[in-house]
$ cat work_31.pdb   # PDB, C-alpha atoms, pLDDT in the B column
MODEL        1
ATOM      1  CA  MET A   1       0.000   0.000   0.000  1.00 49.00           C
ATOM      2  CA  ARG A   2       2.731   2.438   0.917  1.00 56.00           C
ATOM      3  CA  ARG A   3       4.459   1.679  -2.342  1.00 55.00           C
ATOM      4  CA  ASN A   4       1.304   2.473  -4.347  1.00 56.00           C
ATOM      5  CA  ALA A   5       0.816   5.705  -2.401  1.00 56.00           C
ATOM      6  CA  ALA A   6       4.430   6.716  -3.047  1.00 56.00           C
ATOM      7  CA  LEU A   7       4.033   5.939  -6.770  1.00 54.00           C
ATOM      8  CA  ALA A   8       0.791   7.913  -6.900  1.00 58.00           C
ATOM      9  CA  THR A   9       2.438  10.865  -5.167  1.00 59.00           C
ATOM     10  CA  ALA A  10       5.419  10.740  -7.535  1.00 56.00           C
ATOM     11  CA  ALA A  11       3.075  10.583 -10.525  1.00 58.00           C
ATOM     12  CA  ALA A  12       1.105  13.580  -9.231  1.00 58.00           C
ATOM     13  CA  ILE A  13       4.309  15.594  -8.730  1.00 63.00           C
ATOM     14  CA  ALA A  14       5.509  14.680 -12.232  1.00 59.00           C
ATOM     15  CA  ALA A  15       2.159  15.750 -13.719  1.00 59.00           C
ATOM     16  CA  VAL A  16       2.262  19.103 -11.919  1.00 55.00           C
ATOM     17  CA  LEU A  17       5.813  19.725 -13.110  1.00 55.00           C
ATOM     18  CA  ALA A  18       4.928  18.750 -16.677  1.00 57.00           C
ATOM     19  CA  LEU A  19       1.929  21.060 -16.752  1.00 53.00           C
ATOM     20  CA  GLY A  20       3.943  23.888 -15.250  1.00 53.00           C
ATOM     21  CA  GLY A  21       6.620  23.360 -17.899  1.00 51.00           C
ATOM     22  CA  CYS A  22       4.143  24.029 -20.674  1.00 51.00           C
ATOM     23  CA  SER A  23       3.977  27.685 -19.786  1.00 49.00           C
ATOM     24  CA  LEU A  24       7.740  27.808 -19.339  1.00 50.00           C
ATOM     25  CA  PHE A  25       8.492  26.761 -22.889  1.00 53.00           C
ATOM     26  CA  GLY A  26       5.679  28.692 -24.532  1.00 53.00           C
ATOM     27  CA  SER A  27       2.920  27.762 -26.893  1.00 54.00           C
ATOM     28  CA  GLY A  28       1.791  28.668 -30.378  1.00 57.00           C
ATOM     29  CA  ASP A  29      -0.031  31.717 -28.987  1.00 64.00           C
ATOM     30  CA  ASP A  30       3.260  33.113 -27.677  1.00 76.00           C
ATOM     31  CA  GLU A  31       4.851  32.719 -31.119  1.00 77.00           C
ATOM     32  CA  ALA A  32       2.009  34.713 -32.690  1.00 74.00           C
ATOM     33  CA  ALA A  33       2.479  37.445 -30.075  1.00 72.00           C
ATOM     34  CA  VAL A  34       6.230  37.589 -30.799  1.00 69.00           C
ATOM     35  CA  ALA A  35       5.541  37.855 -34.538  1.00 66.00           C
ATOM     36  CA  ALA A  36       3.066  40.674 -33.900  1.00 67.00           C
ATOM     37  CA  GLU A  37       5.642  42.497 -31.740  1.00 68.00           C
ATOM     38  CA  GLN A  38       8.264  42.168 -34.475  1.00 61.00           C
ATOM     39  CA  ALA A  39       5.855  43.513 -37.087  1.00 59.00           C
ATOM     40  CA  GLU A  40       5.014  46.454 -34.831  1.00 63.00           C
ATOM     41  CA  ALA A  41       8.711  47.154 -34.207  1.00 57.00           C
ATOM     42  CA  ALA A  42       9.376  47.129 -37.957  1.00 54.00           C
ATOM     43  CA  SER A  43       6.620  49.687 -38.471  1.00 63.00           C
ATOM     44  CA  LEU A  44       8.336  52.023 -35.997  1.00 86.00           C
ATOM     45  CA  TYR A  45      11.202  52.570 -38.443  1.00 94.00           C
ATOM     46  CA  VAL A  46      11.163  55.964 -40.142  1.00 94.00           C
ATOM     47  CA  PRO A  47      13.409  57.378 -42.859  1.00 96.00           C
ATOM     48  CA  VAL A  48      16.159  59.803 -41.928  1.00 96.00           C
ATOM     49  CA  GLU A  49      15.643  63.444 -42.899  1.00 95.00           C
ATOM     50  CA  VAL A  50      18.749  63.781 -45.013  1.00 95.00           C
ATOM     51  CA  VAL A  51      21.689  61.595 -46.021  1.00 97.00           C
ATOM     52  CA  ARG A  52      24.908  63.526 -45.423  1.00 96.00           C
ATOM     53  CA  HIS A  53      27.695  61.107 -46.340  1.00 97.00           C
ATOM     54  CA  ILE A  54      28.256  57.748 -48.069  1.00 97.00           C
ATOM     55  CA  GLU A  55      31.426  55.716 -47.884  1.00 96.00           C
ATOM     56  CA  ILE A  56      32.339  52.308 -49.325  1.00 96.00           C
ATOM     57  CA  GLY A  57      35.195  50.306 -47.834  1.00 95.00           C
ATOM     58  CA  ARG A  58      36.788  47.039 -48.876  1.00 95.00           C
ATOM     59  CA  THR A  59      36.825  44.091 -46.470  1.00 95.00           C
ATOM     60  CA  ARG A  60      38.194  40.583 -46.691  1.00 94.00           C
ATOM     61  CA  ASN A  61      34.782  39.187 -47.650  1.00 91.00           C
ATOM     62  CA  GLY A  62      33.373  42.049 -49.705  1.00 94.00           C
ATOM     63  CA  TYR A  63      32.492  45.648 -48.937  1.00 96.00           C
ATOM     64  CA  VAL A  64      30.995  47.788 -46.187  1.00 97.00           C
ATOM     65  CA  ILE A  65      28.632  50.598 -47.108  1.00 97.00           C
ATOM     66  CA  THR A  66      28.555  53.320 -44.446  1.00 98.00           C
ATOM     67  CA  ALA A  67      25.971  56.097 -44.468  1.00 98.00           C
ATOM     68  CA  ARG A  68      25.633  59.044 -42.142  1.00 97.00           C
ATOM     69  CA  GLY A  69      22.479  61.079 -41.882  1.00 97.00           C
ATOM     70  CA  VAL A  70      20.237  63.237 -39.728  1.00 96.00           C
ATOM     71  CA  ALA A  71      17.426  61.529 -37.812  1.00 94.00           C
ATOM     72  CA  PRO A  72      14.012  63.229 -37.604  1.00 92.00           C
ATOM     73  CA  GLY A  73      14.416  63.822 -33.866  1.00 92.00           C
ATOM     74  CA  LEU A  74      16.283  62.858 -30.739  1.00 93.00           C
ATOM     75  CA  GLY A  75      16.311  59.251 -29.560  1.00 92.00           C
ATOM     76  CA  HIS A  76      16.193  57.447 -32.897  1.00 93.00           C
ATOM     77  CA  GLY A  77      18.305  54.312 -32.912  1.00 93.00           C
ATOM     78  CA  ALA A  78      19.046  51.014 -34.631  1.00 96.00           C
ATOM     79  CA  PRO A  79      19.771  52.626 -38.018  1.00 97.00           C
ATOM     80  CA  GLU A  80      19.571  50.379 -41.077  1.00 97.00           C
ATOM     81  CA  LEU A  81      20.122  50.473 -44.811  1.00 98.00           C
ATOM     82  CA  ARG A  82      17.210  48.594 -46.383  1.00 97.00           C
ATOM     83  CA  ALA A  83      17.556  47.507 -49.978  1.00 97.00           C
ATOM     84  CA  ARG A  84      14.895  48.425 -52.519  1.00 96.00           C
ATOM     85  CA  ARG A  85      13.929  45.906 -55.210  1.00 95.00           C
ATOM     86  CA  GLU A  86      15.350  43.132 -52.996  1.00 94.00           C
ATOM     87  CA  GLY A  87      18.850  44.486 -53.637  1.00 94.00           C
ATOM     88  CA  LYS A  88      18.625  44.076 -57.409  1.00 96.00           C
ATOM     89  CA  VAL A  89      20.193  46.571 -59.799  1.00 96.00           C
ATOM     90  CA  GLY A  90      17.693  49.123 -61.096  1.00 96.00           C
ATOM     91  CA  PRO A  91      17.180  50.146 -64.738  1.00 95.00           C
ATOM     92  CA  ASP A  92      19.620  53.031 -64.279  1.00 95.00           C
ATOM     93  CA  GLY A  93      22.359  50.697 -62.982  1.00 96.00           C
ATOM     94  CA  PHE A  94      22.122  51.733 -59.314  1.00 97.00           C
ATOM     95  CA  ILE A  95      21.313  49.666 -56.248  1.00 97.00           C
ATOM     96  CA  ASP A  96      19.006  51.716 -54.027  1.00 97.00           C
ATOM     97  CA  TYR A  97      18.806  51.669 -50.237  1.00 98.00           C
ATOM     98  CA  ASP A  98      16.489  53.430 -47.796  1.00 98.00           C
ATOM     99  CA  PHE A  99      18.213  54.836 -44.709  1.00 98.00           C
ATOM    100  CA  VAL A 100      15.837  54.252 -41.773  1.00 97.00           C
ATOM    101  CA  ALA A 101      16.029  54.391 -37.977  1.00 96.00           C
ATOM    102  CA  GLN A 102      13.777  53.140 -35.208  1.00 96.00           C
ATOM    103  CA  ALA A 103      11.699  55.895 -33.629  1.00 92.00           C
ATOM    104  CA  PRO A 104      11.829  56.287 -29.836  1.00 91.00           C
ATOM    105  CA  ASP A 105       8.876  55.578 -27.589  1.00 88.00           C
ATOM    106  CA  PRO A 106       6.510  58.567 -27.920  1.00 85.00           C
ATOM    107  CA  ASN A 107       6.070  58.596 -24.130  1.00 86.00           C
ATOM    108  CA  PHE A 108       9.655  59.830 -23.765  1.00 85.00           C
ATOM    109  CA  ASN A 109       8.626  63.251 -25.172  1.00 81.00           C
ATOM    110  CA  LEU A 110      12.018  63.885 -26.737  1.00 84.00           C
ATOM    111  CA  GLY A 111      12.381  67.129 -28.629  1.00 79.00           C
ATOM    112  CA  GLN A 112      13.683  67.898 -32.085  1.00 82.00           C
ATOM    113  CA  GLY A 113      17.223  68.625 -30.887  1.00 86.00           C
ATOM    114  CA  ALA A 114      20.190  70.120 -32.701  1.00 91.00           C
ATOM    115  CA  VAL A 115      21.364  68.597 -35.965  1.00 90.00           C
ATOM    116  CA  GLN A 116      24.634  67.426 -34.378  1.00 92.00           C
ATOM    117  CA  ALA A 117      22.684  65.505 -31.715  1.00 92.00           C
ATOM    118  CA  ARG A 118      20.595  63.740 -34.361  1.00 94.00           C
ATOM    119  CA  MET A 119      23.461  62.409 -36.501  1.00 96.00           C
ATOM    120  CA  ILE A 120      23.293  58.641 -36.959  1.00 97.00           C
ATOM    121  CA  ARG A 121      25.322  56.075 -38.872  1.00 98.00           C
ATOM    122  CA  ALA A 122      24.344  52.824 -40.553  1.00 98.00           C
ATOM    123  CA  ASP A 123      26.678  50.143 -41.912  1.00 98.00           C
ATOM    124  CA  LEU A 124      25.817  47.357 -44.325  1.00 97.00           C
ATOM    125  CA  HIS A 125      28.069  44.452 -45.268  1.00 97.00           C
ATOM    126  CA  VAL A 126      27.700  43.323 -48.893  1.00 96.00           C
ATOM    127  CA  THR A 127      29.567  40.872 -51.080  1.00 96.00           C
ATOM    128  CA  ALA A 128      31.059  41.533 -54.488  1.00 94.00           C
ATOM    129  CA  ARG A 129      28.252  39.384 -55.919  1.00 95.00           C
ATOM    130  CA  ASP A 130      25.648  41.730 -54.357  1.00 95.00           C
ATOM    131  CA  LEU A 131      27.157  44.665 -56.280  1.00 94.00           C
ATOM    132  CA  GLN A 132      27.705  42.784 -59.538  1.00 94.00           C
ATOM    133  CA  GLY A 133      26.394  44.672 -62.565  1.00 95.00           C
ATOM    134  CA  ALA A 134      25.856  47.923 -60.654  1.00 96.00           C
ATOM    135  CA  VAL A 135      27.409  51.252 -61.627  1.00 97.00           C
ATOM    136  CA  GLY A 136      26.889  52.671 -58.122  1.00 96.00           C
ATOM    137  CA  ILE A 137      24.698  52.853 -55.050  1.00 97.00           C
ATOM    138  CA  ARG A 138      22.091  55.380 -54.034  1.00 97.00           C
ATOM    139  CA  ILE A 139      20.877  55.946 -50.474  1.00 98.00           C
ATOM    140  CA  HIS A 140      17.552  57.709 -49.887  1.00 97.00           C
ATOM    141  CA  GLY A 141      16.258  59.874 -47.038  1.00 96.00           C
ATOM    142  CA  VAL A 142      13.127  62.015 -46.769  1.00 96.00           C
ATOM    143  CA  SER A 143      14.582  65.050 -48.524  1.00 92.00           C
ATOM    144  CA  GLY A 144      16.547  63.261 -51.209  1.00 82.00           C
ATOM    145  CA  GLY A 145      19.679  61.224 -50.948  1.00 92.00           C
ATOM    146  CA  LEU A 146      23.188  60.698 -52.196  1.00 96.00           C
ATOM    147  CA  GLN A 147      24.754  58.403 -54.730  1.00 96.00           C
ATOM    148  CA  VAL A 148      28.232  57.006 -55.302  1.00 96.00           C
ATOM    149  CA  LEU A 149      29.607  55.717 -58.586  1.00 94.00           C
ATOM    150  CA  PHE A 150      32.027  52.789 -58.547  1.00 88.00           C
TER     151      PHE A 150
ENDMDL
END

$ encode --input "work_31.pdb" --output "structure tokens"
Amino acid sequence: MRRNAALATAAAIAAVLALGGCSLFGSGDDEAAVAAEQAEAASLYVPVEVVRHIEIGRTRNGYVITARGVAPGLGHGAPELRARREGKVGPDGFIDYDFVAQAPDPNFNLGQGAVQARMIRADLHVTARDLQGAVGIRIHGVSGGLQVLF
């Protein structure tokens, strides 16, 4: 009898631990919530006001494209260069990128700030194959952009 009671107790403890573990490791609902958060975060990216400088440097595995620009306000971060046309060469021979940055939480009430305080930089690693067939790159902001010929 004691053995059966001990086995029943052990089985009950194992069941409680197994059920508790379900919430630890997540479920399909959590994955949908994470995907929704990522989509919302992507929508918080806004283009920079103006692109001020473009630089291309050679690396061991390809090239690094560096862009500097002015964010729309203080607190913008996580700058990115996002390829247009999936990074394919356009009809004019250029590969186009949008220079975007993640907007800060609106509850922070950050002001416009001076231009020097809003300067941001984005880097993008590309391979020689990515630039094949292109005559240059063009990086876009809200009020125009800059281009570099190879």

$ atom_distance --input "work_31.pdb" --atom1 "atom CA of A:Val115" --atom2 "atom CA of A:Val50"
10.6 Å

$ residues_near_point --input "work_31.pdb" --point "(31.6, 36.2, -51.9)" --cutoff "7 Å" --atoms "only C-alpha atoms" --output "PyMOL selection string"
chain A and resi 61-62+127-129

$ atom_distance --input "work_31.pdb" --atom1 "atom CA of A:Ile137" --atom2 "atom CA of A:Gly73"
26.0 Å

$ atom_distance --input "work_31.pdb" --atom1 "atom CA of A:Pro79" --atom2 "atom CA of A:Asp30"
27.6 Å

$ closest_residue --input "work_31.pdb" --among "A:Ile139, A:Ile56, A:Val148, A:Leu110" --to "A:Asp96" --atoms "all atoms listed in the file"
A:Ile139

$ residues_around --input "work_31.pdb" --residues "A:His76" --least-positions-apart "3" --cutoff "6 Å" --atoms "only C-alpha atoms" --output "MDAnalysis selection string"
chainID A and resid 101:104

$ resolve_selection --input "work_31.pdb" --expression "the PyMOL selection byres ((chain A and resi 143) around 7)" --output "number ranges by chain"
A: 49-50, 141-142, 144-145

$ closest_residue --input "work_31.pdb" --among "A:Ile54, A:Ala33, A:Ala71, A:Ile95" --to "A:Arg118" --atoms "only C-alpha atoms"
A:Ala71

$ resolve_selection --input "work_31.pdb" --expression "the PyMOL selection byres ((chain A and resi 99) around 9)" --output "PDB file with C-alpha atoms, in the frame of the given file"
ATOM      1  CA  VAL A  46      11.163  55.964 -40.142  1.00 94.00           C
ATOM      2  CA  PRO A  47      13.409  57.378 -42.859  1.00 96.00           C
ATOM      3  CA  VAL A  48      16.159  59.803 -41.928  1.00 96.00           C
ATOM      4  CA  VAL A  50      18.749  63.781 -45.013  1.00 95.00           C
ATOM      5  CA  VAL A  51      21.689  61.595 -46.021  1.00 97.00           C
ATOM      6  CA  ALA A  67      25.971  56.097 -44.468  1.00 98.00           C
ATOM      7  CA  ARG A  68      25.633  59.044 -42.142  1.00 97.00           C
ATOM      8  CA  GLY A  69      22.479  61.079 -41.882  1.00 97.00           C
ATOM      9  CA  PRO A  79      19.771  52.626 -38.018  1.00 97.00           C
ATOM     10  CA  GLU A  80      19.571  50.379 -41.077  1.00 97.00           C
ATOM     11  CA  LEU A  81      20.122  50.473 -44.811  1.00 98.00           C
ATOM     12  CA  ARG A  82      17.210  48.594 -46.383  1.00 97.00           C
ATOM     13  CA  TYR A  97      18.806  51.669 -50.237  1.00 98.00           C
ATOM     14  CA  ASP A  98      16.489  53.430 -47.796  1.00 98.00           C
ATOM     15  CA  VAL A 100      15.837  54.252 -41.773  1.00 97.00           C
ATOM     16  CA  ALA A 101      16.029  54.391 -37.977  1.00 96.00           C
ATOM     17  CA  ALA A 122      24.344  52.824 -40.553  1.00 98.00           C
ATOM     18  CA  ILE A 139      20.877  55.946 -50.474  1.00 98.00           C
ATOM     19  CA  HIS A 140      17.552  57.709 -49.887  1.00 97.00           C
ATOM     20  CA  GLY A 141      16.258  59.874 -47.038  1.00 96.00           C
TER      21      GLY A 141
END

$ resolve_selection --input "work_31.pdb" --expression "the PyMOL selection byres ((chain A and resi 132) around 12)" --output "VMD selection string"
chain A and resid 62 to 63 87 to 90 93 to 95 126 to 131 133 to 137 150

$ closest_residue --input "work_31.pdb" --among "A:Met119, A:Leu149, A:Leu44, A:Ala32" --to "A:Pro72" --atoms "all atoms listed in the file"
A:Met119

$ closest_residue --input "work_31.pdb" --among "A:Gly111, A:Pro106, A:Arg52, A:His125" --to "A:Val70" --atoms "all atoms listed in the file"
A:Arg52

$ closest_residue --input "work_31.pdb" --among "A:Ala114, A:Ile65, A:Leu74, A:Leu124" --to "A:Gln147" --atoms "all atoms listed in the file"
A:Ile65
